[in-house]
>>> print(open('coords-v6.tsv').read())   # TSV, C-alpha atoms
chain	number	residue	atom	x	y	z
A	1	MET	CA	387.86	-52.80	66.82
A	2	ASN	CA	386.54	-49.86	64.83
A	3	ILE	CA	389.47	-47.61	63.83
A	4	ALA	CA	389.63	-44.17	62.23
A	5	SER	CA	393.00	-43.51	60.62
A	6	LEU	CA	394.08	-39.97	59.80
A	7	ILE	CA	395.88	-39.87	56.47
A	8	SER	CA	397.82	-36.92	55.08
A	9	GLY	CA	399.20	-38.38	51.87
A	10	GLY	CA	402.68	-38.65	53.40
A	11	VAL	CA	404.71	-41.78	53.98
A	12	ASP	CA	404.13	-41.96	57.75
A	13	SER	CA	400.33	-42.06	57.70
A	14	SER	CA	400.43	-44.39	54.66
A	15	VAL	CA	402.57	-46.90	56.57
A	16	VAL	CA	400.09	-46.65	59.46
A	17	VAL	CA	397.35	-47.92	57.11
A	18	HIS	CA	399.63	-50.73	55.90
A	19	LEU	CA	400.43	-51.81	59.50
A	20	LEU	CA	396.78	-51.69	60.56
A	21	LYS	CA	395.75	-53.88	57.63
A	22	GLU	CA	398.58	-56.31	58.40
A	23	ALA	CA	397.31	-56.51	61.98
A	24	GLY	CA	393.86	-57.49	60.72
A	25	TYR	CA	392.06	-54.18	61.11
A	26	ASP	CA	389.91	-52.48	58.48
A	27	PRO	CA	390.33	-48.76	59.20
A	28	THR	CA	388.25	-45.94	57.75
A	29	LEU	CA	390.61	-43.30	56.39
A	30	PHE	CA	390.07	-39.59	56.99
A	31	TYR	CA	391.79	-36.76	55.17
A	32	ILE	CA	391.36	-33.47	57.01
A	33	LYS	CA	391.16	-30.57	54.59
A	34	ILE	CA	391.82	-27.06	55.85
A	35	GLY	CA	392.38	-25.13	52.60
A	36	MET	CA	389.63	-23.74	50.38
A	37	ASP	CA	389.67	-24.49	46.66
A	38	ASP	CA	389.99	-20.79	45.79
A	39	ASP	CA	392.66	-20.17	48.42
A	40	GLU	CA	396.01	-20.28	46.64
A	41	LEU	CA	398.18	-20.26	49.76
A	42	LEU	CA	396.26	-22.86	51.77
A	43	HIS	CA	395.26	-25.01	48.80
A	44	CYS	CA	398.80	-25.55	47.53
A	45	SER	CA	399.25	-29.22	48.37
A	46	SER	CA	395.78	-30.56	49.15
A	47	GLU	CA	395.06	-31.85	45.62
A	48	GLU	CA	398.25	-33.93	45.57
A	49	ASP	CA	397.69	-35.06	49.17
A	50	ILE	CA	394.11	-36.19	48.46
A	51	GLU	CA	395.25	-38.03	45.33
A	52	MET	CA	397.91	-39.86	47.35
A	53	ALA	CA	395.41	-40.68	50.12
A	54	SER	CA	393.00	-42.01	47.49
A	55	LEU	CA	395.69	-44.31	46.07
A	56	ILE	CA	396.40	-45.72	49.54
A	57	ALA	CA	392.67	-46.21	50.21
A	58	HIS	CA	392.26	-48.02	46.89
A	59	LYS	CA	395.35	-50.20	47.45
A	60	TYR	CA	394.04	-51.47	50.80
A	61	GLY	CA	390.31	-51.42	50.04
A	62	CYS	CA	389.59	-48.80	52.69
A	63	LYS	CA	386.86	-46.20	52.72
A	64	LEU	CA	388.23	-42.63	52.45
A	65	GLU	CA	386.34	-39.63	53.77
A	66	ILE	CA	387.39	-36.01	53.34
A	67	VAL	CA	386.52	-33.81	56.31
A	68	ASP	CA	386.55	-30.07	55.62
A	69	LEU	CA	387.68	-28.20	58.74
A	70	HIS	CA	388.83	-24.98	57.09
A	71	GLN	CA	386.62	-22.70	59.17
A	72	ASP	CA	387.52	-24.48	62.41
A	73	TYR	CA	391.21	-24.22	61.54
A	74	TRP	CA	390.84	-20.50	60.84
A	75	ASP	CA	388.83	-19.80	64.00
A	76	ASN	CA	391.21	-21.72	66.24
A	77	VAL	CA	394.74	-22.24	64.94
A	78	VAL	CA	395.17	-19.31	62.55
A	79	ALA	CA	393.54	-16.82	64.93
A	80	TYR	CA	395.73	-18.05	67.80
A	81	THR	CA	398.91	-17.87	65.68
A	82	ILE	CA	398.30	-14.36	64.32
A	83	ASP	CA	397.31	-13.03	67.75
A	84	LYS	CA	400.48	-14.35	69.37
A	85	VAL	CA	402.75	-13.12	66.57
A	86	ARG	CA	401.16	-9.67	66.63
A	87	LYS	CA	401.89	-9.44	70.36
A	88	GLY	CA	405.53	-10.35	69.76
A	89	PHE	CA	405.35	-13.90	71.07
A	90	THR	CA	406.50	-17.11	69.37
A	91	PRO	CA	403.45	-19.35	68.86
A	92	ASN	CA	403.38	-23.05	68.15
A	93	PRO	CA	400.52	-23.69	65.71
A	94	ASP	CA	401.33	-27.42	65.51
A	95	VAL	CA	400.63	-27.86	69.22
A	96	MET	CA	397.28	-26.10	68.99
A	97	CYS	CA	396.41	-27.86	65.74
A	98	ASN	CA	396.78	-31.26	67.38
A	99	LYS	CA	394.85	-30.23	70.47
A	100	LEU	CA	392.00	-28.33	68.80
A	101	ILE	CA	391.67	-29.75	65.27
A	102	LYS	CA	393.08	-33.26	64.81
A	103	PHE	CA	391.97	-34.51	68.20
A	104	GLY	CA	389.40	-31.82	69.01
A	105	VAL	CA	386.99	-30.83	66.25
A	106	PHE	CA	387.67	-34.00	64.23
A	107	GLU	CA	386.81	-36.13	67.25
A	108	GLN	CA	383.52	-34.28	67.74
A	109	LYS	CA	382.53	-34.51	64.07
A	110	ALA	CA	383.75	-38.00	63.10
A	111	GLY	CA	386.15	-39.65	65.52
A	112	GLN	CA	383.59	-40.17	68.27
A	113	HIS	CA	382.03	-42.97	66.21
A	114	PHE	CA	385.23	-45.03	66.41
A	115	ASP	CA	386.94	-46.98	69.19
A	116	LYS	CA	390.40	-45.66	68.34
A	117	THR	CA	392.02	-43.01	66.13
A	118	ALA	CA	395.36	-43.97	64.54
A	119	THR	CA	397.84	-41.34	63.36
A	120	GLY	CA	401.32	-41.17	61.84
A	121	HIS	CA	402.81	-39.28	64.78
A	122	TYR	CA	406.11	-40.47	66.21
A	123	ALA	CA	404.93	-41.12	69.75
A	124	THR	CA	403.73	-44.03	71.89
A	125	THR	CA	401.20	-44.69	74.61
A	126	ILE	CA	402.14	-46.28	77.93
A	127	GLU	CA	399.65	-48.12	80.13
A	128	LYS	CA	400.44	-47.82	83.82
A	129	ASP	CA	398.24	-48.38	86.87
A	130	GLY	CA	395.14	-48.41	84.71
A	131	LYS	CA	395.95	-45.05	83.11
A	132	THR	CA	397.24	-44.11	79.65
A	133	TYR	CA	400.28	-41.87	79.34
A	134	LEU	CA	401.86	-40.19	76.30
A	135	GLY	CA	405.21	-41.89	75.72
A	136	THR	CA	408.19	-40.81	73.65
A	137	ALA	CA	409.01	-42.45	70.32
A	138	LYS	CA	411.87	-44.83	69.52
A	139	ASP	CA	413.32	-42.33	67.02
A	140	PRO	CA	414.58	-39.33	69.04
A	141	VAL	CA	415.00	-37.15	65.96
A	142	LYS	CA	411.41	-37.70	64.79
A	143	ASP	CA	409.76	-37.78	68.25
A	144	GLN	CA	406.67	-35.53	68.15
A	145	THR	CA	405.52	-35.67	71.75
A	146	ASP	CA	406.36	-31.96	72.16
A	147	PHE	CA	403.71	-31.22	69.50
A	148	LEU	CA	401.21	-33.42	71.38
A	149	ALA	CA	401.86	-32.01	74.85
A	150	GLN	CA	398.57	-30.10	75.08
A	151	ILE	CA	396.25	-33.05	74.42
A	152	ASN	CA	394.27	-34.41	77.37
A	153	HIS	CA	393.93	-37.83	78.99
A	154	LEU	CA	390.74	-38.67	77.10
A	155	GLN	CA	392.44	-37.87	73.79
A	156	VAL	CA	395.63	-39.83	74.50
A	157	SER	CA	393.68	-42.86	75.77
A	158	LYS	CA	391.89	-43.09	72.41
A	159	LEU	CA	394.96	-42.68	70.21
A	160	MET	CA	397.07	-45.28	68.41
A	161	PHE	CA	400.59	-44.51	67.19
A	162	PRO	CA	401.51	-47.56	65.06
A	163	ILE	CA	404.89	-46.19	63.91
A	164	GLY	CA	406.03	-44.86	67.31
A	165	HIS	CA	408.18	-47.95	67.90
A	166	LEU	CA	409.97	-47.56	64.54
A	167	MET	CA	412.88	-45.47	63.29
A	168	LYS	CA	412.15	-43.21	60.32
A	169	ASN	CA	414.38	-45.30	58.03
A	170	GLU	CA	412.40	-48.39	59.04
A	171	VAL	CA	409.15	-46.63	58.09
A	172	ARG	CA	410.61	-45.74	54.68
A	173	LYS	CA	411.76	-49.35	54.21
A	174	ILE	CA	408.28	-50.70	54.97
A	175	ALA	CA	406.81	-48.23	52.47
A	176	GLU	CA	409.28	-49.29	49.76
A	177	ILE	CA	408.75	-53.03	50.31
A	178	ALA	CA	404.97	-52.52	50.25
A	179	ASN	CA	405.27	-50.38	47.08
A	180	LEU	CA	403.37	-47.51	48.64
A	181	PRO	CA	402.98	-44.55	46.25
A	182	SER	CA	404.16	-42.20	49.02
A	183	ALA	CA	407.35	-44.19	49.76
A	184	LYS	CA	409.73	-41.59	48.36
A	185	ARG	CA	407.65	-38.52	49.12
A	186	ASN	CA	409.47	-35.81	51.09
A	187	ASP	CA	408.38	-35.05	54.64
A	188	SER	CA	406.29	-31.92	55.08
A	189	GLN	CA	408.19	-29.00	56.60
A	190	GLY	CA	405.28	-26.58	56.76
A	191	ILE	CA	402.80	-25.60	59.43
A	192	CYS	CA	400.41	-28.31	60.63
A	193	PHE	CA	398.26	-29.37	57.65
A	194	LEU	CA	399.73	-26.69	55.38
A	195	GLY	CA	402.30	-28.87	53.66
A	196	GLN	CA	404.99	-26.76	52.07
A	197	VAL	CA	403.53	-23.36	53.02
A	198	ASN	CA	406.38	-21.11	54.13
A	199	TYR	CA	405.83	-19.74	57.64
A	200	ASN	CA	406.92	-16.22	56.71
A	201	ASP	CA	404.58	-16.19	53.69
A	202	PHE	CA	401.80	-17.29	56.01
A	203	ILE	CA	402.52	-14.46	58.49
A	204	ARG	CA	403.04	-11.87	55.72
A	205	ARG	CA	399.61	-12.63	54.34
A	206	TYR	CA	397.90	-11.58	57.56
A	207	LEU	CA	400.24	-8.98	59.08
A	208	GLY	CA	401.97	-7.58	56.00
A	209	GLU	CA	405.37	-5.89	56.33
A	210	LYS	CA	406.55	-2.97	58.47
A	211	GLU	CA	410.17	-1.95	58.12
A	212	GLY	CA	412.17	-1.27	61.27
A	213	PRO	CA	415.77	-1.23	62.51
A	214	ILE	CA	417.92	-4.13	63.69
A	215	VAL	CA	419.97	-2.69	66.55
A	216	GLU	CA	423.08	-4.11	68.23
A	217	LEU	CA	422.28	-4.74	71.89
A	218	GLU	CA	425.66	-3.73	73.29
A	219	THR	CA	426.32	-0.56	71.26
A	220	GLY	CA	422.96	0.72	70.04
A	221	LYS	CA	424.36	0.74	66.51
A	222	ILE	CA	421.85	0.17	63.69
A	223	LEU	CA	423.00	-2.96	61.87
A	224	GLY	CA	420.33	-3.14	59.19
A	225	LYS	CA	416.60	-3.30	58.61
A	226	HIS	CA	413.90	-5.92	59.11
A	227	LYS	CA	410.46	-6.18	57.52
A	228	GLY	CA	408.48	-6.54	60.74
A	229	TYR	CA	409.29	-7.81	64.25
A	230	TRP	CA	406.73	-10.58	63.69
A	231	PHE	CA	409.09	-12.35	61.28
A	232	HIS	CA	411.67	-12.84	64.05
A	233	THR	CA	411.79	-14.85	67.25
A	234	VAL	CA	414.01	-14.65	70.31
A	235	GLY	CA	417.00	-16.95	69.83
A	236	GLN	CA	416.82	-16.85	66.03
A	237	ARG	CA	420.20	-17.03	64.31
A	238	LYS	CA	419.38	-17.31	60.60
A	239	GLY	CA	417.32	-14.95	58.49
A	240	LEU	CA	418.49	-11.56	59.78
A	241	GLY	CA	420.40	-10.82	56.57
A	242	LEU	CA	423.43	-9.42	58.42
A	243	SER	CA	427.04	-10.11	57.46
A	244	GLY	CA	429.90	-10.95	59.81
A	245	GLY	CA	427.80	-13.12	62.10
A	246	PRO	CA	426.50	-15.18	63.66
A	247	TRP	CA	423.91	-12.70	64.93
A	248	TYR	CA	421.23	-13.70	67.41
A	249	VAL	CA	417.88	-12.07	68.09
A	250	ILE	CA	418.00	-11.19	71.81
A	251	ARG	CA	414.72	-9.34	72.25
A	252	LYS	CA	412.08	-7.30	70.43
A	253	ASP	CA	410.59	-3.87	71.15
A	254	ILE	CA	407.02	-4.25	69.91
A	255	GLU	CA	405.98	-0.61	70.30
A	256	ALA	CA	409.04	0.75	68.48
A	257	ASN	CA	409.28	-2.17	65.99
A	258	ILE	CA	412.94	-2.75	66.91
A	259	VAL	CA	414.73	-6.09	66.74
A	260	TRP	CA	417.72	-6.22	69.12
A	261	ALA	CA	420.59	-8.49	68.07
A	262	SER	CA	423.93	-9.57	69.47
A	263	LYS	CA	426.95	-11.16	67.81
A	264	GLY	CA	428.96	-14.29	68.60
A	265	TYR	CA	428.66	-17.94	69.54
A	266	ASP	CA	428.76	-17.37	73.30
A	267	VAL	CA	426.66	-14.26	73.78
A	268	GLU	CA	425.75	-14.04	77.47
A	269	ALA	CA	422.56	-12.10	76.70
A	270	ALA	CA	421.32	-14.92	74.45
A	271	TYR	CA	421.28	-17.43	77.31
A	272	GLY	CA	419.26	-18.05	80.44
A	273	ASN	CA	418.94	-20.90	82.91
A	274	ALA	CA	415.32	-20.57	84.06
A	275	PHE	CA	411.86	-19.69	82.80
A	276	SER	CA	408.31	-19.39	84.11
A	277	MET	CA	405.20	-20.93	82.53
A	278	LYS	CA	401.50	-20.16	82.77
A	279	ASP	CA	398.47	-22.41	82.34
A	280	PHE	CA	400.46	-25.60	82.81
A	281	HIS	CA	398.54	-28.52	81.33
A	282	PHE	CA	398.95	-32.08	82.64
A	283	ILE	CA	398.16	-34.69	79.98
A	284	THR	CA	397.12	-37.56	82.25
A	285	GLU	CA	397.69	-36.43	85.85
A	286	ASN	CA	399.75	-34.21	88.10
A	287	PRO	CA	402.46	-36.57	89.38
A	288	TRP	CA	403.55	-34.08	92.05
A	289	HIS	CA	400.08	-33.49	93.54
A	290	ASP	CA	400.65	-29.74	93.34
A	291	LYS	CA	403.70	-29.88	95.59
A	292	ALA	CA	406.41	-29.49	92.97
A	293	GLU	CA	409.24	-28.34	95.18
A	294	ASN	CA	412.40	-28.94	93.21
A	295	VAL	CA	411.32	-32.12	91.40
A	296	GLU	CA	413.89	-33.46	88.95
A	297	ILE	CA	412.62	-33.61	85.36
A	298	THR	CA	413.75	-33.43	81.75
A	299	PHE	CA	412.26	-30.87	79.35
A	300	LYS	CA	412.34	-29.20	75.93
A	301	ILE	CA	411.72	-25.59	74.90
A	302	ARG	CA	411.86	-26.28	71.16
A	303	HIS	CA	411.60	-29.23	68.77
A	304	THR	CA	414.96	-30.98	69.17
A	305	PRO	CA	416.07	-34.60	69.73
A	306	GLU	CA	417.81	-33.60	72.97
A	307	PHE	CA	416.25	-33.39	76.41
A	308	THR	CA	417.59	-31.00	79.05
A	309	ARG	CA	417.72	-31.93	82.72
A	310	GLY	CA	416.34	-29.53	85.29
A	311	ASN	CA	414.04	-29.00	88.23
A	312	ILE	CA	410.41	-27.88	88.25
A	313	ILE	CA	409.16	-25.65	91.05
A	314	LYS	CA	405.58	-24.71	91.93
A	315	THR	CA	405.05	-20.93	92.17
A	316	PRO	CA	401.97	-18.75	92.90
A	317	GLU	CA	401.80	-17.93	89.15
A	318	GLY	CA	402.25	-21.50	87.90
A	319	TYR	CA	405.45	-23.45	87.42
A	320	ARG	CA	409.07	-22.45	86.97
A	321	ILE	CA	411.82	-24.59	85.46
A	322	VAL	CA	415.46	-24.18	86.47
A	323	SER	CA	417.77	-25.78	83.92
A	324	SER	CA	420.94	-27.72	84.67
A	325	GLU	CA	422.59	-25.95	81.73
A	326	LYS	CA	422.36	-22.63	79.94
A	327	LEU	CA	419.50	-22.35	77.44
A	328	GLN	CA	419.82	-20.36	74.25
A	329	GLY	CA	416.82	-18.41	72.97
A	330	ILE	CA	414.07	-18.86	75.57
A	331	ALA	CA	411.12	-17.46	73.58
A	332	PRO	CA	407.94	-16.32	75.38
A	333	GLY	CA	404.87	-17.86	73.72
A	334	GLN	CA	406.55	-21.19	73.06
A	335	PHE	CA	405.70	-24.21	75.18
A	336	GLY	CA	407.93	-25.62	77.85
A	337	VAL	CA	407.36	-29.38	77.54
A	338	VAL	CA	408.03	-31.48	80.64
A	339	TYR	CA	409.05	-35.16	80.71
A	340	ASP	CA	409.93	-37.59	83.48
A	341	ILE	CA	413.57	-37.98	84.42
A	342	ASP	CA	413.89	-41.10	82.23
A	343	GLN	CA	412.64	-39.24	79.12
A	344	LYS	CA	409.93	-41.86	78.63
A	345	ILE	CA	406.69	-40.06	79.57
A	346	CYS	CA	405.54	-36.63	78.42
A	347	ILE	CA	403.90	-35.14	81.53
A	348	GLY	CA	402.54	-31.91	80.03
A	349	SER	CA	403.35	-28.38	78.97
A	350	GLY	CA	402.89	-24.72	79.77
A	351	GLU	CA	403.29	-21.49	77.83
A	352	ILE	CA	406.59	-19.74	78.54
A	353	ILE	CA	405.92	-16.23	79.85
A	354	SER	CA	409.35	-15.04	81.01
A	355	ALA	CA	412.98	-16.05	81.13
>>> encode(input="coords-v6.tsv", output="structure tokens")
Amino acid sequence: MNIASLISGGVDSSVVVHLLKEAGYDPTLFYIKIGMDDDELLHCSSEEDIEMASLIAHKYGCKLEIVDLHQDYWDNVVAYTIDKVRKGFTPNPDVMCNKLIKFGVFEQKAGQHFDKTATGHYATTIEKDGKTYLGTAKDPVKDQTDFLAQINHLQVSKLMFPIGHLMKNEVRKIAEIANLPSAKRNDSQGICFLGQVNYNDFIRRYLGEKEGPIVELETGKILGKHKGYWFHTVGQRKGLGLSGGPWYVIRKDIEANIVWASKGYDVEAAYGNAFSMKDFHFITENPWHDKAENVEITFKIRHTPEFTRGNIIKTPEGYRIVSSEKLQGIAPGQFGVVYDIDQKICIGSGEIISA
């Protein structure tokens, strides 16, 4: 089998190469570059990443190719992110990056020449009735199916997730035993492909700063100042710079550049039990055949290990989820990610439009 293996320079994708070689495969490694050499913000970690990828390629005798997708990343992921933030929504660049870049543009430019594409994502694939489904990972903390919930059936049927059946500590152990140069390297906490780039620095670069008031929801009292509503998301608790908290962002007034906040651990205004989604995307198929009348599911509205139980209902506008418990910080623009009741299969996702 002819395998393309995406390598980032991190421990997860390095262990993927090790496991593929152990299984008798000879993968071609691909490092996807999205920063330009003269771009200080986006270039910050690519040199170190490429060096690490080169060491892995040399260790296992694999061919390494660097694919420059900077312009594609800008035209798709960055443009989407800035547009959503400017409109006051909470985007998810990682979701769009996977859909449009890693398994979109890369597939068109290089991946199409291979039988399978292997990645270091914590996910699995499940074969059932002749179809391939996106399955959750063994490690609930590292599970990344919510970031993959916009890929399509063709994409998921071509993917391999060699570490999806492992816990993160097991991956680290394999890397240490194999003496991989990335064994002790920290996990990236940045935006997809951008390594350690701080999200606020990324947004500030394109939208700048615009000072406005932080106002208490219940009293109308001005609590402090913010540097732009685009730095804050509904449900946010940290980063407001207010004392005597906790303070939660409840909503934003885009026209007036006001961030509304409320105080306490059990703020009624910070919670909801239902939300609507638009443009719902099924990864493999629609299991309800468009008749979703109170179907029991599990779901996520942010990247957490926990699933929430609820019901999905078909509406004229799309789909609505009613949760079995109160949800804190339902943020329009984020994706509602739907799973089966057993939390094994990721069915698909839709963009949250209202709570």
>>> atom_distance(input="coords-v6.tsv", atom1="atom CA of Lys109 of chain A", atom2="atom CA of Ala4 of chain A")
12.1 Å
>>> closest_residue(input="coords-v6.tsv", among="A:Val295, A:Val337, A:Leu217, A:Ile353", to="Met277 of chain A", atoms="all atoms listed in the file")
A:Ile353
>>> atom_distance(input="coords-v6.tsv", atom1="atom CA of Leu240 of chain A", atom2="atom CA of Glu209 of chain A")
14.7 Å
>>> atom_distance(input="coords-v6.tsv", atom1="atom CA of Ile177 of chain A", atom2="atom CA of Ile163 of chain A")
15.7 Å
>>> closest_residue(input="coords-v6.tsv", among="A:Ser157, A:Gln71, A:Asn273, A:Asn92", to="Val105 of chain A", atoms="all atoms listed in the file")
A:Gln71
>>> closest_residue(input="coords-v6.tsv", among="A:Thr315, A:Ser5, A:Thr304, A:Asn186", to="Thr145 of chain A", atoms="all atoms listed in the file")
A:Thr304
>>> residues_around(input="coords-v6.tsv", residues="segment 10-20 of chain A", least_positions_apart="3", cutoff="8 Å", atoms="only C-alpha atoms", output="PyMOL selection string")
chain A and resi 5-7+23-27+49+52-53+56+60+118-121+162-163+171-172+174-175+178+180+182-188
>>> closest_residue(input="coords-v6.tsv", among="A:Gln155, A:Thr81, A:Ser324, A:Thr233", to="Ala274 of chain A", atoms="all atoms listed in the file")
A:Ser324
>>> closest_residue(input="coords-v6.tsv", among="A:Arg320, A:Ile254, A:Lys300, A:Val78", to="Phe202 of chain A", atoms="all atoms listed in the file")
A:Val78
>>> residues_around(input="coords-v6.tsv", residues="segment 136-139 of chain A", least_positions_apart="2", cutoff="9 Å", atoms="only C-alpha atoms", output="list in words")
His121, Tyr122, Ala123, Thr124, Thr125, Leu134, Val141, Lys142, Asp143, Gln144, Thr145, Ile163, Gly164, His165, Leu166, Met167, Lys168, Pro305, Gln343, Lys344, Ile345 and Cys346 of chain A
>>> closest_residue(input="coords-v6.tsv", among="A:Ile126, A:Val215, A:Leu207, A:Leu55", to="Ala256 of chain A", atoms="only C-alpha atoms")
A:Val215
>>> residues_around(input="coords-v6.tsv", residues="Glu65 of chain A", least_positions_apart="6", cutoff="7 Å", atoms="all atoms listed in the file", output="PyMOL selection string")
chain A and resi 29-31
>>> residues_around(input="coords-v6.tsv", residues="Val85 of chain A", least_positions_apart="6", cutoff="10 Å", atoms="only C-alpha atoms", output="PDB file with C-alpha atoms, in the frame of the given file")
ATOM      1  CA  PRO A  91     403.450 -19.350  68.860  1.00  0.00           C
ATOM      2  CA  ILE A 203     402.520 -14.460  58.490  1.00  0.00           C
ATOM      3  CA  LEU A 207     400.240  -8.980  59.080  1.00  0.00           C
ATOM      4  CA  TYR A 229     409.290  -7.810  64.250  1.00  0.00           C
ATOM      5  CA  TRP A 230     406.730 -10.580  63.690  1.00  0.00           C
ATOM      6  CA  PHE A 231     409.090 -12.350  61.280  1.00  0.00           C
ATOM      7  CA  HIS A 232     411.670 -12.840  64.050  1.00  0.00           C
ATOM      8  CA  THR A 233     411.790 -14.850  67.250  1.00  0.00           C
ATOM      9  CA  GLY A 333     404.870 -17.860  73.720  1.00  0.00           C
TER      10      GLY A 333
END
>>> decode(input="coords-v6.tsv", residues="segment 304-352 of chain A", atoms="C-alpha atoms", output="compact mmCIF listing (two decimals), in the first residue's frame")
# COMPACT_ATOMS: atom_id res chain seq x y z
CA THR A 304 -13.71 18.79 25.97
CA PRO A 305 -13.35 15.12 26.99
CA GLU A 306 -17.00 15.03 28.07
CA PHE A 307 -20.00 14.29 25.89
CA THR A 308 -23.43 15.72 26.69
CA ARG A 309 -26.61 13.74 26.14
CA GLY A 310 -29.49 15.33 24.27
CA ASN A 311 -31.98 15.08 21.45
CA ILE A 312 -31.67 16.32 17.87
CA ILE A 313 -34.73 17.67 16.09
CA LYS A 314 -35.18 18.49 12.40
CA THR A 315 -36.45 22.04 11.80
CA PRO A 316 -37.22 24.05 8.63
CA GLU A 317 -33.93 25.96 9.17
CA GLY A 318 -31.76 22.90 9.87
CA TYR A 319 -31.31 21.03 13.12
CA ARG A 320 -31.86 21.94 16.76
CA ILE A 321 -30.31 20.22 19.76
CA VAL A 322 -32.04 20.13 23.14
CA SER A 323 -29.60 19.25 25.90
CA SER A 324 -30.29 17.02 28.89
CA GLU A 325 -28.38 19.49 31.05
CA LYS A 326 -27.65 23.21 31.14
CA LEU A 327 -24.88 24.35 28.80
CA GLN A 328 -22.54 27.18 29.70
CA GLY A 329 -21.38 29.56 26.98
CA ILE A 330 -23.18 28.50 23.79
CA ALA A 331 -21.20 30.57 21.26
CA PRO A 332 -22.64 31.28 17.78
CA GLY A 333 -20.06 30.46 15.10
CA GLN A 334 -18.75 27.39 16.90
CA PHE A 335 -19.68 23.92 15.69
CA GLY A 336 -22.16 21.68 17.38
CA VAL A 337 -20.64 18.21 16.92
CA VAL A 338 -23.03 15.26 17.01
CA TYR A 339 -22.18 11.68 18.02
CA ASP A 340 -24.20 8.50 18.39
CA ILE A 341 -25.63 7.66 21.79
CA ASP A 342 -22.70 5.33 22.54
CA GLN A 343 -20.12 8.08 21.89
CA LYS A 344 -18.38 5.86 19.34
CA ILE A 345 -19.20 7.45 15.96
CA CYS A 346 -18.95 11.12 15.02
CA ILE A 347 -22.00 11.70 12.81
CA GLY A 348 -21.32 15.29 11.73
CA SER A 349 -21.54 18.94 12.70
CA GLY A 350 -23.30 22.21 12.06
CA GLU A 351 -22.54 25.85 12.80
CA ILE A 352 -24.32 27.15 15.89
